[in-house]
Amino acid sequence: MEQGKQGVVVAKLMPQQNPIEQIQARYKELEAGFRGWLAKQSLPVEAAVVTATSAAQGAAIGGFMGTLTNDLSSSLPTPPPQTNPQAMASFKQAQALSGGPFVQARNFAVMTGVNAGISCVLKRLRGKEDVQSSMVAAFGSGAMFSIVSGMGGPNLAGNAVTSGLFFALVQGGLFKVGQKFSSPPVEDIFYNKTRSMLHNLGLQNYEKNFRNGLLTDSTLPLLTDSALRDVKIPPGPRLLILDHVQRDPEIKDRRGSGR
């Protein structure tokens with residue numbers, strides 16, 4: 001009886017963690033584990049998985065947007081059989097942009113899936129993400145959207161190229177604007193290697209933990225589980241970070257040279 005009362009007292013004294021925070025932490029651990037697994041796969045496997053997951057997300061977004069706008073294509077007047085090709089092409093474009101949930105889900109799935117797949121391949125081959133890769137991915141996305149949505153009209157190839165160029169120019173402009181407004185401050189030079197490591201592991205959300213603990217690039221060879229625990233990084237991400245530190249040849253060389 002006395003032991004039961006002690007258990008109740010201990011349970012009351014223990015802090016209750018917010019269920020939402022528990023779910024968020026669990027989701028971050030699963031996401032980090034998935035990204036870590038994906039980074040170890042071959043290029044075809046990684047590209048296929050990234051394309052499929054991005055296409056699924058795009059389909060969900062497109063389907064939701066389609067339910068908000070309803071299927072406006074059914075209200076469009078059907079052109080007569082003698083309609084000239086240019087007018088018919090315009091009608092097809094209107095149909096592609098005003099379809100219901102299934103049409104929009106298909107369109108968004110193609111755009112996001114192709115874009116993510118090409119970006120994944122270029123990043124693995126070139127080892128970086130820049131405006132050129134972004135524009136190439138956008139070109140492929142726009143061209144495939146034109147073909148699948150039926151916006152091509154009588155000149156399918158020409159309209160696919162035009163749509164691809166339009167998507168590429170827009171994406172290139174957005175990329176440059178984003179770079180301009182997200183340029184890192186001067187003190188970021190002390191976290192270049194750290195930021196790159198966390199981004200590759202899908203753990204970029206923990207960069208602020210490194211900053212709060214003043215764990216700069218020079219401390220990477222010295223990282224321990226207790227140091228990462230002190231800056232409140234969960235067990236799963238800690239294991240991924242320590243494994244990366246142990247396998248990274250550049251960090252190992254810095255540790256061996258004592259720098």
# chains A, B, ... in the order shown; residues from 1 in each chain; ligands from 1
>>> residues_around(residues="Glu207 of chain A", least_positions_apart="2", cutoff="9 Å", atoms="only C-alpha atoms", output="PyMOL selection string")
chain A and resi 191+194-195+198+203-205+209-212
>>> closest_atom_pairs(of="segment 27-54 of chain A", to="segment 106-127 of chain A", cutoff="8 Å", atoms="only C-alpha atoms", output="tab-separated table")
residue	atom	partner	partner_atom	distance
A:Leu43	CA	A:Val121	CA	7.0
A:Glu46	CA	A:Cys120	CA	7.6
A:Ala47	CA	A:Gly117	CA	5.3
A:Ala48	CA	A:Gly117	CA	7.1
A:Val50	CA	A:Gly117	CA	6.0
A:Thr51	CA	A:Gly113	CA	4.5
A:Ala52	CA	A:Gly113	CA	6.3
A:Thr53	CA	A:Gly113	CA	7.5
A:Ser54	CA	A:Gly113	CA	4.9
>>> residues_around(residues="Leu169 of chain A", least_positions_apart="5", cutoff="9 Å", atoms="only C-alpha atoms", output="PyMOL selection string")
chain A and resi 135+138-139+164+174
>>> closest_residue(among="A:Asn200, A:Leu156, A:Phe64, A:Val103", to="Lys128 of chain A", atoms="only C-alpha atoms")
A:Asn200
